[in-house]
$ cat model_24.csv   # CSV, C-alpha atoms
chain,number,residue,atom,x,y,z
A,89,MET,CA,-34.1,2.2,9.5
A,90,SER,CA,-35.5,1.8,5.9
A,91,TYR,CA,-32.9,-0.9,5.0
A,92,LEU,CA,-31.8,-4.0,6.8
A,93,SER,CA,-28.5,-5.6,6.2
A,94,PRO,CA,-28.2,-9.1,4.7
A,95,SER,CA,-27.4,-10.6,8.1
A,96,GLU,CA,-30.5,-9.0,9.5
A,97,PHE,CA,-33.0,-10.1,6.9
A,98,ALA,CA,-31.5,-13.6,6.8
A,99,VAL,CA,-32.7,-14.0,10.3
A,100,LYS,CA,-36.1,-12.7,9.3
A,101,MET,CA,-36.2,-15.3,6.6
A,102,ILE,CA,-35.7,-18.1,9.1
A,103,ASP,CA,-38.1,-16.6,11.6
A,104,ALA,CA,-40.7,-16.4,8.9
A,105,GLY,CA,-40.3,-20.0,7.9
A,106,GLU,CA,-40.6,-21.1,11.5
A,107,SER,CA,-43.8,-19.1,12.1
A,108,LYS,CA,-45.4,-20.7,9.0
A,109,VAL,CA,-44.6,-24.2,10.2
A,110,PHE,CA,-46.5,-23.6,13.5
A,111,MET,CA,-49.4,-21.7,12.0
A,112,SER,CA,-52.8,-23.3,12.5
A,113,THR,CA,-54.4,-25.3,9.6
A,114,ARG,CA,-57.2,-22.8,9.4
A,115,ASP,CA,-55.0,-19.8,9.1
A,116,THR,CA,-52.6,-21.5,6.6
A,117,VAL,CA,-55.5,-22.4,4.3
A,118,ILE,CA,-57.2,-19.0,4.5
A,119,ARG,CA,-54.0,-17.2,3.7
A,120,ALA,CA,-53.1,-19.5,0.9
A,121,PHE,CA,-56.6,-19.3,-0.6
A,122,MET,CA,-56.4,-15.5,-0.6
A,123,ALA,CA,-52.9,-15.4,-2.0
A,124,GLY,CA,-53.9,-17.7,-4.9
A,125,ALA,CA,-57.0,-15.6,-5.6
A,126,ILE,CA,-55.3,-12.2,-5.6
A,127,LEU,CA,-52.4,-13.5,-7.8
A,128,ALA,CA,-55.0,-14.9,-10.3
A,129,LEU,CA,-56.8,-11.5,-10.5
A,130,ALA,CA,-53.4,-9.9,-11.1
A,131,ALA,CA,-52.7,-12.3,-13.9
A,132,ALA,CA,-56.1,-11.7,-15.5
A,133,PHE,CA,-55.5,-7.9,-15.2
A,134,ALA,CA,-52.1,-8.2,-16.8
A,135,ILE,CA,-53.3,-10.3,-19.7
A,136,THR,CA,-56.2,-7.8,-20.2
A,137,VAL,CA,-53.8,-4.9,-20.3
A,138,THR,CA,-51.5,-6.8,-22.7
A,139,VAL,CA,-54.4,-7.6,-25.1
A,140,GLN,CA,-55.9,-4.1,-25.0
A,141,THR,CA,-52.5,-2.3,-25.5
A,142,GLY,CA,-50.8,-4.8,-27.7
A,143,GLU,CA,-47.7,-4.3,-25.5
A,144,PRO,CA,-46.6,-7.2,-23.2
A,145,LEU,CA,-44.2,-4.9,-21.3
A,146,VAL,CA,-47.1,-2.9,-20.0
A,147,GLY,CA,-48.9,-5.9,-18.6
A,148,ALA,CA,-45.6,-7.1,-17.0
A,149,LEU,CA,-45.1,-3.7,-15.5
A,150,LEU,CA,-48.5,-3.8,-13.8
A,151,PHE,CA,-48.7,-7.5,-12.8
A,152,PRO,CA,-46.6,-7.0,-9.6
A,153,VAL,CA,-49.4,-5.0,-8.0
A,154,GLY,CA,-51.1,-8.3,-7.1
A,155,PHE,CA,-47.9,-9.8,-5.6
A,156,CYS,CA,-47.4,-6.6,-3.5
A,157,MET,CA,-51.0,-6.7,-2.3
A,158,LEU,CA,-50.9,-10.3,-1.1
A,159,TYR,CA,-47.5,-9.9,0.5
A,160,LEU,CA,-48.5,-6.8,2.4
A,161,LEU,CA,-51.7,-8.5,3.6
A,162,GLY,CA,-49.7,-11.4,5.0
A,163,PHE,CA,-50.9,-14.1,2.6
A,164,ASP,CA,-48.8,-17.1,1.5
A,165,LEU,CA,-47.8,-18.4,-1.9
A,166,LEU,CA,-46.4,-21.9,-2.5
A,167,THR,CA,-43.3,-20.3,-4.2
A,168,GLY,CA,-42.5,-18.4,-1.0
A,169,VAL,CA,-42.9,-21.2,1.5
A,170,PHE,CA,-40.8,-23.4,-0.7
A,171,THR,CA,-37.9,-21.0,0.0
A,172,LEU,CA,-38.6,-19.9,3.6
A,173,VAL,CA,-40.0,-22.9,5.5
A,174,PRO,CA,-37.1,-25.3,4.9
A,175,LEU,CA,-34.7,-22.8,6.4
A,176,ALA,CA,-36.3,-23.3,9.8
A,177,LEU,CA,-35.6,-27.0,9.5
A,178,ILE,CA,-32.0,-26.5,8.3
A,179,ASP,CA,-31.5,-24.1,11.2
A,180,ARG,CA,-32.7,-26.7,13.6
A,181,ARG,CA,-35.4,-24.6,15.1
A,182,PRO,CA,-37.1,-26.6,18.0
A,183,GLY,CA,-40.2,-28.5,16.9
A,184,VAL,CA,-39.6,-28.1,13.1
A,185,THR,CA,-39.5,-31.4,11.3
A,186,ALA,CA,-39.5,-32.6,7.7
A,187,ARG,CA,-43.1,-33.7,8.3
A,188,SER,CA,-44.2,-30.3,9.4
A,189,VAL,CA,-42.5,-28.7,6.4
A,190,LEU,CA,-44.3,-31.1,4.0
A,191,ARG,CA,-47.6,-30.4,5.9
A,192,ASN,CA,-47.2,-26.6,5.3
A,193,TRP,CA,-46.4,-27.1,1.6
A,194,THR,CA,-49.4,-29.3,1.1
A,195,LEU,CA,-51.8,-27.0,2.8
A,196,VAL,CA,-50.5,-24.0,0.9
A,197,PHE,CA,-50.6,-25.9,-2.4
A,198,PHE,CA,-54.3,-26.8,-2.1
A,199,GLY,CA,-55.2,-23.4,-0.6
A,200,ASN,CA,-53.5,-21.6,-3.5
A,201,PHE,CA,-55.2,-23.9,-6.0
A,202,ALA,CA,-58.6,-23.3,-4.5
A,203,GLY,CA,-58.2,-19.5,-4.6
A,204,ALA,CA,-56.8,-19.4,-8.1
A,205,PHE,CA,-59.5,-21.9,-9.4
A,206,THR,CA,-62.3,-19.8,-7.8
A,207,VAL,CA,-61.1,-16.7,-9.7
A,208,ALA,CA,-60.7,-18.8,-12.9
A,209,VAL,CA,-64.4,-19.7,-12.7
A,210,MET,CA,-65.4,-16.1,-11.9
A,211,MET,CA,-63.4,-14.7,-14.8
A,212,ALA,CA,-64.7,-17.4,-17.2
A,213,VAL,CA,-68.2,-16.3,-16.3
A,214,ILE,CA,-67.3,-12.6,-17.0
A,215,PHE,CA,-65.6,-13.4,-20.3
A,216,THR,CA,-68.6,-15.3,-21.6
A,217,TYR,CA,-71.6,-13.8,-19.9
A,218,ALA,CA,-72.0,-16.9,-17.9
A,219,PHE,CA,-71.1,-19.2,-20.9
A,220,THR,CA,-73.9,-17.8,-23.1
A,221,THR,CA,-71.6,-16.0,-25.6
A,222,ASP,CA,-68.4,-16.7,-27.4
A,223,PRO,CA,-65.2,-16.0,-25.3
A,224,SER,CA,-64.0,-12.4,-25.5
A,225,GLU,CA,-60.6,-11.5,-27.0
A,226,VAL,CA,-58.9,-11.7,-23.6
A,227,ALA,CA,-60.5,-15.1,-23.0
A,228,GLN,CA,-59.2,-16.3,-26.4
A,229,LYS,CA,-55.7,-15.2,-25.4
A,230,ILE,CA,-55.9,-17.2,-22.2
A,231,ALA,CA,-56.9,-20.3,-24.1
A,232,VAL,CA,-54.0,-19.8,-26.5
A,233,ILE,CA,-51.6,-19.5,-23.6
A,234,GLY,CA,-52.9,-22.7,-22.2
A,235,GLU,CA,-52.3,-24.5,-25.4
A,236,GLY,CA,-48.8,-23.1,-26.0
A,237,ARG,CA,-47.7,-24.0,-22.5
A,238,THR,CA,-48.9,-27.6,-22.5
A,239,VAL,CA,-49.0,-29.2,-25.9
A,240,GLY,CA,-46.5,-26.6,-27.0
A,241,TYR,CA,-43.9,-28.2,-24.6
A,242,ALA,CA,-45.1,-31.7,-25.4
A,243,ASP,CA,-44.4,-31.2,-29.1
A,244,HIS,CA,-40.7,-31.0,-28.2
A,245,GLY,CA,-40.6,-34.1,-26.0
A,246,ALA,CA,-37.8,-34.3,-23.4
A,247,ALA,CA,-36.4,-31.0,-24.6
A,248,GLY,CA,-39.7,-29.4,-23.9
A,249,MET,CA,-39.9,-30.9,-20.5
A,250,LEU,CA,-36.4,-29.6,-19.7
A,251,THR,CA,-37.3,-26.1,-20.9
A,252,LEU,CA,-40.4,-26.1,-18.8
A,253,PHE,CA,-38.5,-27.2,-15.7
A,254,ILE,CA,-35.8,-24.5,-16.2
A,255,ARG,CA,-38.5,-21.8,-16.7
A,256,GLY,CA,-39.9,-23.0,-13.3
A,257,VAL,CA,-36.5,-22.7,-11.7
A,258,LEU,CA,-35.9,-19.2,-13.1
A,259,CYS,CA,-39.4,-18.1,-12.1
A,260,ASN,CA,-39.0,-18.8,-8.4
A,261,TRP,CA,-35.4,-17.5,-8.4
A,262,MET,CA,-37.0,-14.2,-9.2
A,263,VAL,CA,-40.2,-14.5,-7.2
A,264,SER,CA,-38.4,-15.6,-4.0
A,265,THR,CA,-36.0,-12.8,-4.5
A,266,GLY,CA,-39.0,-10.5,-4.4
A,267,VAL,CA,-40.1,-12.1,-1.2
A,268,VAL,CA,-36.7,-11.6,0.4
A,269,ALA,CA,-36.4,-8.1,-1.1
A,270,ALA,CA,-39.6,-7.1,0.9
A,271,MET,CA,-37.8,-8.1,4.1
A,272,MET,CA,-34.9,-5.6,3.3
A,273,SER,CA,-37.0,-2.6,4.2
A,274,ASP,CA,-39.3,-1.6,7.1
A,275,SER,CA,-41.3,0.9,5.0
A,276,VAL,CA,-44.2,0.0,2.7
A,277,SER,CA,-42.6,1.9,-0.2
A,278,GLY,CA,-39.3,0.1,0.2
A,279,LYS,CA,-41.0,-3.2,0.3
A,280,VAL,CA,-43.0,-2.5,-2.8
A,281,ILE,CA,-40.0,-1.3,-4.8
A,282,GLY,CA,-38.0,-4.3,-3.7
A,283,MET,CA,-40.7,-6.7,-4.7
A,284,TRP,CA,-41.7,-5.0,-8.0
A,285,MET,CA,-38.3,-5.5,-9.8
A,286,PRO,CA,-37.9,-9.3,-9.8
A,287,ILE,CA,-41.6,-10.0,-10.3
A,288,LEU,CA,-41.5,-7.8,-13.4
A,289,VAL,CA,-38.6,-9.8,-14.7
A,290,PHE,CA,-40.3,-13.2,-14.2
A,291,PHE,CA,-43.6,-12.2,-15.8
A,292,TYR,CA,-42.2,-10.4,-18.8
A,293,MET,CA,-39.7,-13.3,-19.5
A,294,GLY,CA,-42.6,-15.8,-19.5
A,295,PHE,CA,-41.2,-18.0,-16.7
A,296,GLU,CA,-43.5,-20.6,-15.3
A,297,HIS,CA,-45.2,-19.9,-11.9
A,298,SER,CA,-47.2,-22.7,-10.5
A,299,ILE,CA,-49.8,-20.5,-8.9
A,300,VAL,CA,-50.4,-18.3,-11.9
A,301,ASN,CA,-50.8,-21.5,-13.9
A,302,MET,CA,-53.4,-22.7,-11.4
A,303,PHE,CA,-55.5,-19.8,-12.9
A,304,LEU,CA,-54.4,-19.8,-16.5
A,305,PHE,CA,-54.9,-23.5,-17.3
A,306,PRO,CA,-58.3,-24.1,-15.6
A,307,SER,CA,-59.4,-20.9,-17.3
A,308,GLY,CA,-58.1,-22.0,-20.6
A,309,LEU,CA,-59.9,-25.4,-20.4
A,310,MET,CA,-63.2,-23.6,-19.6
A,311,LEU,CA,-62.7,-21.1,-22.4
A,312,GLY,CA,-62.1,-23.7,-25.2
A,313,GLY,CA,-58.4,-24.3,-25.1
A,314,GLU,CA,-57.4,-27.3,-27.1
A,315,PHE,CA,-55.6,-29.3,-24.4
A,316,SER,CA,-56.6,-31.7,-21.7
A,317,LEU,CA,-56.4,-31.9,-17.9
A,318,SER,CA,-53.7,-34.5,-18.2
A,319,ASP,CA,-51.8,-32.2,-20.5
A,320,TYR,CA,-52.0,-29.5,-17.9
A,321,LEU,CA,-50.8,-31.7,-15.1
A,322,LEU,CA,-48.0,-33.6,-16.9
A,323,TRP,CA,-46.8,-30.9,-19.2
A,324,ASN,CA,-47.0,-27.9,-16.9
A,325,GLU,CA,-48.2,-28.0,-13.3
A,326,ILE,CA,-46.1,-30.9,-11.9
A,327,PRO,CA,-42.8,-29.9,-13.6
A,328,THR,CA,-43.4,-26.3,-12.7
A,329,VAL,CA,-43.9,-27.0,-9.1
A,330,VAL,CA,-40.7,-29.0,-9.0
A,331,GLY,CA,-38.8,-26.3,-10.8
A,332,ASN,CA,-40.2,-23.6,-8.5
A,333,LEU,CA,-39.0,-25.7,-5.5
A,334,VAL,CA,-35.5,-26.1,-6.9
A,335,GLY,CA,-35.2,-22.5,-8.0
A,336,GLY,CA,-36.4,-20.8,-4.8
A,337,LEU,CA,-34.6,-23.1,-2.3
A,338,THR,CA,-31.4,-23.4,-4.2
A,339,PHE,CA,-30.8,-19.9,-5.6
A,340,VAL,CA,-32.4,-17.9,-2.9
A,341,GLY,CA,-33.0,-19.7,0.4
A,342,LEU,CA,-29.9,-21.8,0.7
A,343,THR,CA,-27.5,-19.3,-0.8
A,344,LEU,CA,-28.6,-16.4,1.5
A,345,TYR,CA,-28.7,-18.8,4.5
A,346,ALA,CA,-25.2,-20.1,3.8
A,347,THR,CA,-23.5,-16.8,3.4
A,348,HIS,CA,-25.4,-14.5,5.7
A,349,ALA,CA,-27.0,-16.6,8.5
A,350,ARG,CA,-24.1,-19.1,8.7
A,351,THR,CA,-21.2,-17.0,7.5
A,352,GLY,CA,-18.0,-18.9,6.9
A,353,THR,CA,-15.0,-18.4,9.1
A,354,GLN,CA,-12.9,-15.5,7.9
A,355,ARG,CA,-9.4,-16.3,6.5
A,356,GLY,CA,-6.3,-15.0,8.4
A,357,ARG,CA,-6.2,-11.3,8.2
A,358,PRO,CA,-2.8,-9.5,8.8
A,359,PRO,CA,-2.8,-7.1,11.8
A,360,ALA,CA,-3.7,-3.5,11.0
A,361,PRO,CA,-0.6,-1.2,10.7
A,362,ARG,CA,0.1,0.8,13.8
A,363,PRO,CA,-0.1,4.6,13.6
A,364,ALA,CA,3.2,6.2,13.0
A,365,GLU,CA,3.0,8.3,16.3
A,366,ALA,CA,2.6,5.2,18.4
A,367,VAL,CA,5.7,3.6,16.7
A,368,GLN,CA,7.8,6.8,17.4
A,369,ASP,CA,6.7,6.9,21.1
A,370,GLU,CA,7.8,3.3,21.5
A,371,GLU,CA,11.2,4.1,20.1
A,372,LYS,CA,11.9,7.0,22.5
A,373,PRO,CA,14.2,6.3,25.5
A,374,ALA,CA,12.4,5.8,28.8
A,375,ASP,CA,13.9,9.0,30.2
A,376,ALA,CA,13.3,11.2,27.2
A,377,PRO,CA,11.5,14.5,27.9
A,378,VAL,CA,7.9,14.8,27.0
A,379,SER,CA,7.2,17.7,24.8

$ encode --input "model_24.csv" --output "structure tokens"
Amino acid sequence: MSYLSPSEFAVKMIDAGESKVFMSTRDTVIRAFMAGAILALAAAFAITVTVQTGEPLVGALLFPVGFCMLYLLGFDLLTGVFTLVPLALIDRRPGVTARSVLRNWTLVFFGNFAGAFTVAVMMAVIFTYAFTTDPSEVAQKIAVIGEGRTVGYADHGAAGMLTLFIRGVLCNWMVSTGVVAAMMSDSVSGKVIGMWMPILVFFYMGFEHSIVNMFLFPSGLMLGGEFSLSDYLLWNEIPTVVGNLVGGLTFVGLTLYATHARTGTQRGRPPAPRPAEAVQDEEKPADAPVS
């Protein structure tokens, strides 16, 4: 079948979380590295398209190509494991512990960062001819993004921090919806369509994705952005990671688990009305002739 029912893909979500818990350290890090690298390339691609066309919607329409590639290749993003892995713990799968969940998150975080940072360095080299020329127009755009999404939030104080956190929540609500949407179908085309829609929403709306930011902000620092490493960590990466965790787990993982994997007991339902013919047969005398 090309579509799975919610009760079916809810089980797939739990199974996926369990498999990630028991994955070897080597495989976890490799898959996380490649996921971070591919998503970083997709972000660089989308920004390039936006700058060259002057239309952010075009960049947002094309950005999901990176997410689709990394998912189909079986690589892991922190945003996805935030949503799926805890379900194996909540479902009490044998051998899954809070410690093993935290281990997975930590390995994926550093693997994603290494992959995204590697691409950030490569793209900085490309944008500046190995730091021998002034940054290109795309590079200048990346630097401006870095400034706006760090010191831009800091300028608003607590209100800026709350805004950053909520953008992180909304981001992984959409991204994790894309992860789950890919499980709704057994066909490649169905998976791609399911993923494309929520990823488009998150990118065009400017929500905060911790892995995309692992590319944007190191790039911005290398390309002359007027913000510091501490600005990046305090006024973007750390609150974004927390927001991504809350958004994915609360609005996607737990809600789908609660209503599809652990469906509540149905309320009392009245018995279905009996067919009229059956009622008439019961009312006939025992010795009535059968027509």

$ atom_distance --input "model_24.csv" --atom1 "atom CA of A:Ala120" --atom2 "atom CA of A:Val196"
5.2 Å

$ atom_distance --input "model_24.csv" --atom1 "atom CA of A:Trp261" --atom2 "atom CA of A:Trp284"
14.0 Å

$ closest_atom_pairs --input "model_24.csv" --of "stretch 209-320 of chain A" --to "stretch 153-166 of chain A" --cutoff "12 Å" --atoms "only C-alpha atoms" --output "JSON lines"
{"residue": "A:Asn260", "atom": "CA", "partner": "A:Leu166", "partner_atom": "CA", "distance": 10.0}
{"residue": "A:Val263", "atom": "CA", "partner": "A:Phe155", "partner_atom": "CA", "distance": 9.2}
{"residue": "A:Ser264", "atom": "CA", "partner": "A:Leu165", "partner_atom": "CA", "distance": 10.0}
{"residue": "A:Gly266", "atom": "CA", "partner": "A:Phe155", "partner_atom": "CA", "distance": 9.0}
{"residue": "A:Val267", "atom": "CA", "partner": "A:Tyr159", "partner_atom": "CA", "distance": 7.9}
{"residue": "A:Val268", "atom": "CA", "partner": "A:Tyr159", "partner_atom": "CA", "distance": 10.9}
{"residue": "A:Ala269", "atom": "CA", "partner": "A:Cys156", "partner_atom": "CA", "distance": 11.4}
{"residue": "A:Ala270", "atom": "CA", "partner": "A:Tyr159", "partner_atom": "CA", "distance": 8.4}
{"residue": "A:Met271", "atom": "CA", "partner": "A:Tyr159", "partner_atom": "CA", "distance": 10.5}
{"residue": "A:Asp274", "atom": "CA", "partner": "A:Leu160", "partner_atom": "CA", "distance": 11.6}
{"residue": "A:Ser275", "atom": "CA", "partner": "A:Leu160", "partner_atom": "CA", "distance": 10.9}
{"residue": "A:Val276", "atom": "CA", "partner": "A:Leu160", "partner_atom": "CA", "distance": 8.1}
{"residue": "A:Ser277", "atom": "CA", "partner": "A:Cys156", "partner_atom": "CA", "distance": 10.3}
{"residue": "A:Gly278", "atom": "CA", "partner": "A:Cys156", "partner_atom": "CA", "distance": 11.1}
{"residue": "A:Lys279", "atom": "CA", "partner": "A:Cys156", "partner_atom": "CA", "distance": 8.2}
{"residue": "A:Val280", "atom": "CA", "partner": "A:Cys156", "partner_atom": "CA", "distance": 6.1}
{"residue": "A:Ile281", "atom": "CA", "partner": "A:Cys156", "partner_atom": "CA", "distance": 9.2}
{"residue": "A:Gly282", "atom": "CA", "partner": "A:Cys156", "partner_atom": "CA", "distance": 9.7}
{"residue": "A:Met283", "atom": "CA", "partner": "A:Cys156", "partner_atom": "CA", "distance": 6.8}
{"residue": "A:Trp284", "atom": "CA", "partner": "A:Cys156", "partner_atom": "CA", "distance": 7.4}
{"residue": "A:Met285", "atom": "CA", "partner": "A:Cys156", "partner_atom": "CA", "distance": 11.1}
{"residue": "A:Pro286", "atom": "CA", "partner": "A:Phe155", "partner_atom": "CA", "distance": 10.9}
{"residue": "A:Ile287", "atom": "CA", "partner": "A:Phe155", "partner_atom": "CA", "distance": 7.9}
{"residue": "A:Leu288", "atom": "CA", "partner": "A:Val153", "partner_atom": "CA", "distance": 10.0}
{"residue": "A:Phe290", "atom": "CA", "partner": "A:Phe155", "partner_atom": "CA", "distance": 12.0}
{"residue": "A:Phe291", "atom": "CA", "partner": "A:Phe155", "partner_atom": "CA", "distance": 11.3}
{"residue": "A:His297", "atom": "CA", "partner": "A:Leu166", "partner_atom": "CA", "distance": 9.7}
{"residue": "A:Ser298", "atom": "CA", "partner": "A:Leu166", "partner_atom": "CA", "distance": 8.1}
{"residue": "A:Ile299", "atom": "CA", "partner": "A:Leu166", "partner_atom": "CA", "distance": 7.4}
{"residue": "A:Val300", "atom": "CA", "partner": "A:Leu165", "partner_atom": "CA", "distance": 10.3}
{"residue": "A:Met302", "atom": "CA", "partner": "A:Leu166", "partner_atom": "CA", "distance": 11.4}

$ write_last_selection --input "model_24.csv" --atoms "C-alpha atoms" --output "tab-separated table (two decimals), in the frame of the given file"
chain	number	residue	atom	x	y	z
A	260	ASN	CA	-39.00	-18.80	-8.40
A	263	VAL	CA	-40.20	-14.50	-7.20
A	264	SER	CA	-38.40	-15.60	-4.00
A	266	GLY	CA	-39.00	-10.50	-4.40
A	267	VAL	CA	-40.10	-12.10	-1.20
A	268	VAL	CA	-36.70	-11.60	0.40
A	269	ALA	CA	-36.40	-8.10	-1.10
A	270	ALA	CA	-39.60	-7.10	0.90
A	271	MET	CA	-37.80	-8.10	4.10
A	274	ASP	CA	-39.30	-1.60	7.10
A	275	SER	CA	-41.30	0.90	5.00
A	276	VAL	CA	-44.20	0.00	2.70
A	277	SER	CA	-42.60	1.90	-0.20
A	278	GLY	CA	-39.30	0.10	0.20
A	279	LYS	CA	-41.00	-3.20	0.30
A	280	VAL	CA	-43.00	-2.50	-2.80
A	281	ILE	CA	-40.00	-1.30	-4.80
A	282	GLY	CA	-38.00	-4.30	-3.70
A	283	MET	CA	-40.70	-6.70	-4.70
A	284	TRP	CA	-41.70	-5.00	-8.00
A	285	MET	CA	-38.30	-5.50	-9.80
A	286	PRO	CA	-37.90	-9.30	-9.80
A	287	ILE	CA	-41.60	-10.00	-10.30
A	288	LEU	CA	-41.50	-7.80	-13.40
A	290	PHE	CA	-40.30	-13.20	-14.20
A	291	PHE	CA	-43.60	-12.20	-15.80
A	297	HIS	CA	-45.20	-19.90	-11.90
A	298	SER	CA	-47.20	-22.70	-10.50
A	299	ILE	CA	-49.80	-20.50	-8.90
A	300	VAL	CA	-50.40	-18.30	-11.90
A	302	MET	CA	-53.40	-22.70	-11.40

$ atom_distance --input "model_24.csv" --atom1 "atom CA of A:Met210" --atom2 "atom CA of A:Val289"
27.7 Å

$ residues_around --input "model_24.csv" --residues "A:Val189" --least-positions-apart "6" --cutoff "9 Å" --atoms "only C-alpha atoms" --output "PyMOL selection string"
chain A and resi 108-109+169+173-174+176-177

$ residues_around --input "model_24.csv" --residues "stretch 340-351 of chain A" --least-positions-apart "4" --cutoff "10 Å" --atoms "all atoms listed in the file" --output "MDAnalysis selection string"
chainID A and resid 93:102 168 170:175 178:179 260:265 267:268 334:336

$ closest_atom_pairs --input "model_24.csv" --of "stretch 173-215 of chain A" --to "stretch 311-318 of chain A" --cutoff "12 Å" --atoms "only C-alpha atoms" --output "JSON lines"
{"residue": "A:Ala208", "atom": "CA", "partner": "A:Leu311", "partner_atom": "CA", "distance": 10.0}
{"residue": "A:Val209", "atom": "CA", "partner": "A:Leu311", "partner_atom": "CA", "distance": 9.9}
{"residue": "A:Met210", "atom": "CA", "partner": "A:Leu311", "partner_atom": "CA", "distance": 11.9}
{"residue": "A:Met211", "atom": "CA", "partner": "A:Leu311", "partner_atom": "CA", "distance": 10.0}
{"residue": "A:Ala212", "atom": "CA", "partner": "A:Leu311", "partner_atom": "CA", "distance": 6.7}
{"residue": "A:Val213", "atom": "CA", "partner": "A:Leu311", "partner_atom": "CA", "distance": 9.5}
{"residue": "A:Ile214", "atom": "CA", "partner": "A:Leu311", "partner_atom": "CA", "distance": 11.1}
{"residue": "A:Phe215", "atom": "CA", "partner": "A:Leu311", "partner_atom": "CA", "distance": 8.5}
